[in-house]
Amino acid sequence: MKVEIWSDVMCPFCYIGKRHFEQAIEKLPFKDEIVVNWKSYQLNPEYHNTNNETIYDYLSRSKGMPIEQAKQMTRQVVDMAENAGLTINFDTNVPANTFDAHRLIHLASEHGLQDLAEEKLFEAHFVNSRNIGEKEVLIDIAGEMGLDKNEAEQVLNGNQFAEAVRYDIYESQNLGIRGVPYFVMDRKYGVSGAQPVEAFTEALTQSFKEWKETQPKTTLTSLNKNDDAICDENGCEI
């Protein structure tokens with residue numbers, strides 16, 4: 001069953017939601033039958049950090065709140081992250097435009113490294129306070145995840161995967177997604193936000209049960225007249 005996740009690597013709830021989702025998956029007996037596809041989303045596509053803004057400056061300006069209120073808001077997110085086993089460092093966090101980071105994720109997807117790319121970018125942004133809006137930083141992250149740095153540099157210095165990012169965002173609009181993280185299960189059910197592990201477990205179980213019921217069942221017609229020369233749990237017939 002396919003699960004599509006619209007996410008932005010600048011979104012702390014997307015990081016927390018990813019971890020809750022993963023913890024839910026690990027509890028499920030059918031976890032190997034779940035295929036995850038990450039989708040691009042930009043919370044602030046026009047934003048570029050040209051004045052060395054801190055996350056507190058950014059939140060204060062964009063949400064129209066005092067700096068102290070912004071700090072209090074982030075402290076609540078830090079507590080939520082810690083409960084999920086994550087570390088988020090807002091004091092040195094660097095807000096950034098994430099368009100190129102999403103292009104890098106699409107490149108990683110072509111090499112079977114999409115989930116790792118998401119994890120590495122979340123970690124770079126929220127834990128290590130790296131500026132994921134800078135191409136040089138993204139190229140280094142590409143190398144750290146096992147991608148060819150020359151290929152990553154060529155992609156990031158051009159326009160490759162730009163349309164793929166835009167199409168993901170277009171899809172989200174068509175589906176009525178107005179915030180992230182947003183988890184879409186078999187294009188039938190949606191779960192929004194960094195829900196508790198139990199909520200993901202319940203949603204995945206229900207979605208998988210219905211998906212499994214729709215899968216075609218194959219019954220084979222045997223072309224041989226006897227069952228000689230086979231082995232089963234009772235041994236071998238000779």
# chains A, B, ... in the order shown; residues from 1 in each chain; ligands from 1
$ select_by_dssp --residues "segment 12-149 of chain A" --states "strand (DSSP E)" --output "PyMOL selection string"
chain A and resi 35-40
$ write_last_selection --atoms "N, CA, C and O atoms" --output "compact mmCIF listing (two decimals), in the first residue's frame"
# COMPACT_ATOMS: atom_id res chain seq x y z
N VAL A 35 4.65 1.16 1.18
CA VAL A 35 5.60 1.91 0.36
C VAL A 35 5.38 3.39 0.61
O VAL A 35 4.27 3.90 0.43
N VAL A 36 6.44 4.08 1.04
CA VAL A 36 6.33 5.51 1.38
C VAL A 36 6.92 6.35 0.26
O VAL A 36 8.02 6.08 -0.23
N ASN A 37 6.18 7.38 -0.13
CA ASN A 37 6.65 8.32 -1.15
C ASN A 37 6.52 9.73 -0.60
O ASN A 37 5.42 10.19 -0.30
N TRP A 38 7.67 10.40 -0.41
CA TRP A 38 7.66 11.77 0.11
C TRP A 38 7.36 12.76 -1.00
O TRP A 38 7.86 12.65 -2.11
N LYS A 39 6.52 13.75 -0.68
CA LYS A 39 6.09 14.76 -1.64
C LYS A 39 6.52 16.16 -1.17
O LYS A 39 6.46 16.45 0.03
N SER A 40 6.88 17.00 -2.11
CA SER A 40 7.36 18.34 -1.79
C SER A 40 6.22 19.28 -1.43
O SER A 40 5.12 19.22 -2.01
$ residues_around --residues "Ala24 of chain A" --least-positions-apart "2" --cutoff "9 Å" --atoms "only C-alpha atoms" --output "list of chain:residue names"
A:Arg19, A:His20, A:Phe21, A:Glu22, A:Glu26, A:Lys27, A:Leu28, A:Pro196, A:Val197, A:Glu198, A:Ala199, A:Phe200, A:Thr201, A:Glu202, A:Leu204
$ residues_around --residues "segment 59-75 of chain A" --least-positions-apart "3" --cutoff "10 Å" --atoms "only C-alpha atoms" --output "list in words"
Pro12, Asn44, Glu53, Thr54, Ile55, Tyr56, Val78, Asp79, Met80, Ala81, Ile88, Asn89, Phe90, Asp91 and Pro95 of chain A
$ closest_residue --among "A:Ala194, A:Leu220, A:Cys11, A:Met185" --to "Asn97 of chain A" --atoms "only C-alpha atoms"
A:Cys11
$ residues_around --residues "Gln195 of chain A" --least-positions-apart "6" --cutoff "10 Å" --atoms "only C-alpha atoms" --output "PDB file with N, CA, C and O atoms, in the first residue's frame"
ATOM      1  N   PHE A  13       6.992  20.211  12.735  1.00  0.00           N
ATOM      2  CA  PHE A  13       5.967  19.188  12.915  1.00  0.00           C
ATOM      3  C   PHE A  13       6.099  18.071  11.876  1.00  0.00           C
ATOM      4  O   PHE A  13       5.679  16.938  12.127  1.00  0.00           O
ATOM      5  N   ILE A  16       8.718  15.791  13.452  1.00  0.00           N
ATOM      6  CA  ILE A  16       8.095  15.029  14.530  1.00  0.00           C
ATOM      7  C   ILE A  16       7.101  14.009  13.962  1.00  0.00           C
ATOM      8  O   ILE A  16       7.060  12.847  14.400  1.00  0.00           O
ATOM      9  N   GLY A  17       6.315  14.436  12.982  1.00  0.00           N
ATOM     10  CA  GLY A  17       5.347  13.535  12.359  1.00  0.00           C
ATOM     11  C   GLY A  17       6.027  12.354  11.685  1.00  0.00           C
ATOM     12  O   GLY A  17       5.525  11.222  11.725  1.00  0.00           O
ATOM     13  N   LYS A  18       7.170  12.602  11.061  1.00  0.00           N
ATOM     14  CA  LYS A  18       7.930  11.523  10.436  1.00  0.00           C
ATOM     15  C   LYS A  18       8.314  10.476  11.469  1.00  0.00           C
ATOM     16  O   LYS A  18       8.173   9.272  11.244  1.00  0.00           O
ATOM     17  N   HIS A  20       6.930   9.893  14.485  1.00  0.00           N
ATOM     18  CA  HIS A  20       5.740   9.204  14.985  1.00  0.00           C
ATOM     19  C   HIS A  20       5.255   8.168  13.977  1.00  0.00           C
ATOM     20  O   HIS A  20       4.888   7.048  14.356  1.00  0.00           O
ATOM     21  N   PHE A  21       5.253   8.547  12.705  1.00  0.00           N
ATOM     22  CA  PHE A  21       4.816   7.631  11.643  1.00  0.00           C
ATOM     23  C   PHE A  21       5.717   6.402  11.600  1.00  0.00           C
ATOM     24  O   PHE A  21       5.235   5.270  11.492  1.00  0.00           O
ATOM     25  N   PRO A 181       2.692  18.352   8.254  1.00  0.00           N
ATOM     26  CA  PRO A 181       2.711  17.177   7.386  1.00  0.00           C
ATOM     27  C   PRO A 181       1.301  16.687   7.066  1.00  0.00           C
ATOM     28  O   PRO A 181       0.381  16.885   7.854  1.00  0.00           O
TER      29      PRO A 181
END
$ select_by_dssp --residues "segment 6-226 of chain A" --states "alpha helix (DSSP H)" --output "PyMOL selection string"
chain A and resi 12-26+55-63+67-83+99-110+114-122+135-144+149-156+162-174+197-214
$ write_last_selection --atoms "C-alpha atoms" --output "mmCIF file, in the first residue's frame"
data_model
loop_
_atom_site.group_PDB
_atom_site.id
_atom_site.type_symbol
_atom_site.label_atom_id
_atom_site.label_comp_id
_atom_site.auth_asym_id
_atom_site.auth_seq_id
_atom_site.Cartn_x
_atom_site.Cartn_y
_atom_site.Cartn_z
ATOM 1 C CA PRO A 12 9.293 21.007 12.789
ATOM 2 C CA PHE A 13 5.967 19.188 12.915
ATOM 3 C CA CYS A 14 6.952 17.354 9.723
ATOM 4 C CA TYR A 15 10.089 16.103 11.494
ATOM 5 C CA ILE A 16 8.095 15.029 14.530
ATOM 6 C CA GLY A 17 5.347 13.535 12.359
ATOM 7 C CA LYS A 18 7.930 11.523 10.436
ATOM 8 C CA ARG A 19 9.221 9.983 13.647
ATOM 9 C CA HIS A 20 5.740 9.204 14.985
ATOM 10 C CA PHE A 21 4.816 7.631 11.643
ATOM 11 C CA GLU A 22 7.982 5.500 11.653
ATOM 12 C CA GLN A 23 7.325 4.362 15.213
ATOM 13 C CA ALA A 24 3.805 3.339 14.198
ATOM 14 C CA ILE A 25 5.053 1.441 11.131
ATOM 15 C CA GLU A 26 7.491 -0.581 13.234
ATOM 16 C CA ILE A 55 14.034 31.658 13.582
ATOM 17 C CA TYR A 56 12.746 33.949 16.331
ATOM 18 C CA ASP A 57 13.054 36.989 14.038
ATOM 19 C CA TYR A 58 11.290 35.078 11.270
ATOM 20 C CA LEU A 59 8.406 33.947 13.459
ATOM 21 C CA SER A 60 8.037 37.352 15.086
ATOM 22 C CA ARG A 61 7.864 39.100 11.717
ATOM 23 C CA SER A 62 5.766 36.545 9.824
ATOM 24 C CA LYS A 63 3.253 35.913 12.618
ATOM 25 C CA ILE A 67 10.142 37.776 20.135
ATOM 26 C CA GLU A 68 9.436 36.361 23.606
ATOM 27 C CA GLN A 69 6.151 34.886 22.414
ATOM 28 C CA ALA A 70 7.961 33.280 19.474
ATOM 29 C CA LYS A 71 10.490 31.764 21.874
ATOM 30 C CA GLN A 72 7.718 30.421 24.094
ATOM 31 C CA MET A 73 6.021 28.848 21.078
ATOM 32 C CA THR A 74 9.223 27.106 20.012
ATOM 33 C CA ARG A 75 9.826 25.783 23.535
ATOM 34 C CA GLN A 76 6.550 23.894 23.285
ATOM 35 C CA VAL A 77 7.693 22.377 19.976
ATOM 36 C CA VAL A 78 11.047 21.386 21.523
ATOM 37 C CA ASP A 79 9.200 19.516 24.292
ATOM 38 C CA MET A 80 7.044 17.730 21.717
ATOM 39 C CA ALA A 81 10.153 16.768 19.734
ATOM 40 C CA GLU A 82 11.896 15.414 22.837
ATOM 41 C CA ASN A 83 8.909 13.183 23.526
ATOM 42 C CA PHE A 99 13.038 24.658 -2.991
ATOM 43 C CA ASP A 100 16.534 23.348 -3.769
ATOM 44 C CA ALA A 101 16.373 20.962 -0.807
ATOM 45 C CA HIS A 102 13.240 19.460 -2.350
ATOM 46 C CA ARG A 103 15.020 19.116 -5.682
ATOM 47 C CA LEU A 104 17.786 17.229 -3.876
ATOM 48 C CA ILE A 105 15.173 14.890 -2.368
ATOM 49 C CA HIS A 106 13.884 14.131 -5.870
ATOM 50 C CA LEU A 107 17.421 13.344 -6.994
ATOM 51 C CA ALA A 108 17.870 11.066 -3.981
ATOM 52 C CA SER A 109 14.600 9.315 -4.871
ATOM 53 C CA GLU A 110 16.077 8.255 -8.213
ATOM 54 C CA GLN A 114 14.499 9.479 -0.652
ATOM 55 C CA ASP A 115 13.751 8.662 2.987
ATOM 56 C CA LEU A 116 17.398 9.088 3.949
ATOM 57 C CA ALA A 117 17.431 12.481 2.211
ATOM 58 C CA GLU A 118 14.434 13.612 4.261
ATOM 59 C CA GLU A 119 16.102 12.471 7.471
ATOM 60 C CA LYS A 120 19.462 14.074 6.648
ATOM 61 C CA LEU A 121 17.860 17.393 5.733
ATOM 62 C CA PHE A 122 15.707 17.482 8.863
ATOM 63 C CA LYS A 135 23.728 24.970 -2.538
ATOM 64 C CA GLU A 136 27.153 24.237 -1.035
ATOM 65 C CA VAL A 137 25.532 22.862 2.109
ATOM 66 C CA LEU A 138 23.121 20.735 0.072
ATOM 67 C CA ILE A 139 25.982 19.318 -2.010
ATOM 68 C CA ASP A 140 27.795 18.314 1.173
ATOM 69 C CA ILE A 141 24.626 16.662 2.500
ATOM 70 C CA ALA A 142 24.268 14.804 -0.802
ATOM 71 C CA GLY A 143 27.738 13.363 -0.326
ATOM 72 C CA GLU A 144 26.973 12.395 3.267
ATOM 73 C CA LYS A 149 28.503 15.189 -5.190
ATOM 74 C CA ASN A 150 29.273 16.104 -8.807
ATOM 75 C CA GLU A 151 25.836 14.929 -9.886
ATOM 76 C CA ALA A 152 24.220 16.843 -7.021
ATOM 77 C CA GLU A 153 26.146 19.980 -7.942
ATOM 78 C CA GLN A 154 25.064 19.679 -11.576
ATOM 79 C CA VAL A 155 21.421 19.261 -10.545
ATOM 80 C CA LEU A 156 21.442 22.142 -8.057
ATOM 81 C CA ALA A 162 12.124 21.902 -10.473
ATOM 82 C CA GLU A 163 8.968 20.826 -12.288
ATOM 83 C CA ALA A 164 8.730 17.707 -10.128
ATOM 84 C CA VAL A 165 8.704 19.893 -7.007
ATOM 85 C CA ARG A 166 6.089 22.197 -8.505
ATOM 86 C CA TYR A 167 3.947 19.238 -9.540
ATOM 87 C CA ASP A 168 3.981 17.853 -5.993
ATOM 88 C CA ILE A 169 2.759 21.235 -4.751
ATOM 89 C CA TYR A 170 0.118 21.341 -7.510
ATOM 90 C CA GLU A 171 -1.082 17.878 -6.448
ATOM 91 C CA SER A 172 -1.389 19.013 -2.851
ATOM 92 C CA GLN A 173 -3.571 21.900 -3.926
ATOM 93 C CA ASN A 174 -5.817 19.581 -5.936
ATOM 94 C CA VAL A 197 1.819 7.126 17.251
ATOM 95 C CA GLU A 198 -1.477 5.451 18.156
ATOM 96 C CA ALA A 199 -3.379 7.589 15.649
ATOM 97 C CA PHE A 200 -1.017 6.577 12.854
ATOM 98 C CA THR A 201 -1.243 2.921 13.881
ATOM 99 C CA GLU A 202 -5.039 3.020 13.739
ATOM 100 C CA ALA A 203 -5.157 4.866 10.405
ATOM 101 C CA LEU A 204 -2.591 2.575 8.781
ATOM 102 C CA THR A 205 -4.346 -0.552 10.040
ATOM 103 C CA GLN A 206 -7.730 0.548 8.711
ATOM 104 C CA SER A 207 -6.299 1.704 5.383
ATOM 105 C CA PHE A 208 -4.248 -1.460 4.900
ATOM 106 C CA LYS A 209 -7.200 -3.740 5.688
ATOM 107 C CA GLU A 210 -9.344 -2.054 3.038
ATOM 108 C CA TRP A 211 -6.483 -1.949 0.545
ATOM 109 C CA LYS A 212 -5.735 -5.662 1.053
ATOM 110 C CA GLU A 213 -9.342 -6.577 0.397
ATOM 111 C CA THR A 214 -9.166 -4.945 -3.038
#
$ closest_residue --among "A:His125, A:Met1, A:Ile230, A:Lys225" --to "Lys31 of chain A" --atoms "only C-alpha atoms"
A:Met1
$ closest_residue --among "A:Tyr47, A:Phe161, A:Tyr182, A:Tyr41" --to "Glu4 of chain A" --atoms "only C-alpha atoms"
A:Tyr182
$ closest_residue --among "A:Gly158, A:Leu175, A:Phe126, A:Gly112" --to "Gly146 of chain A" --atoms "only C-alpha atoms"
A:Gly112
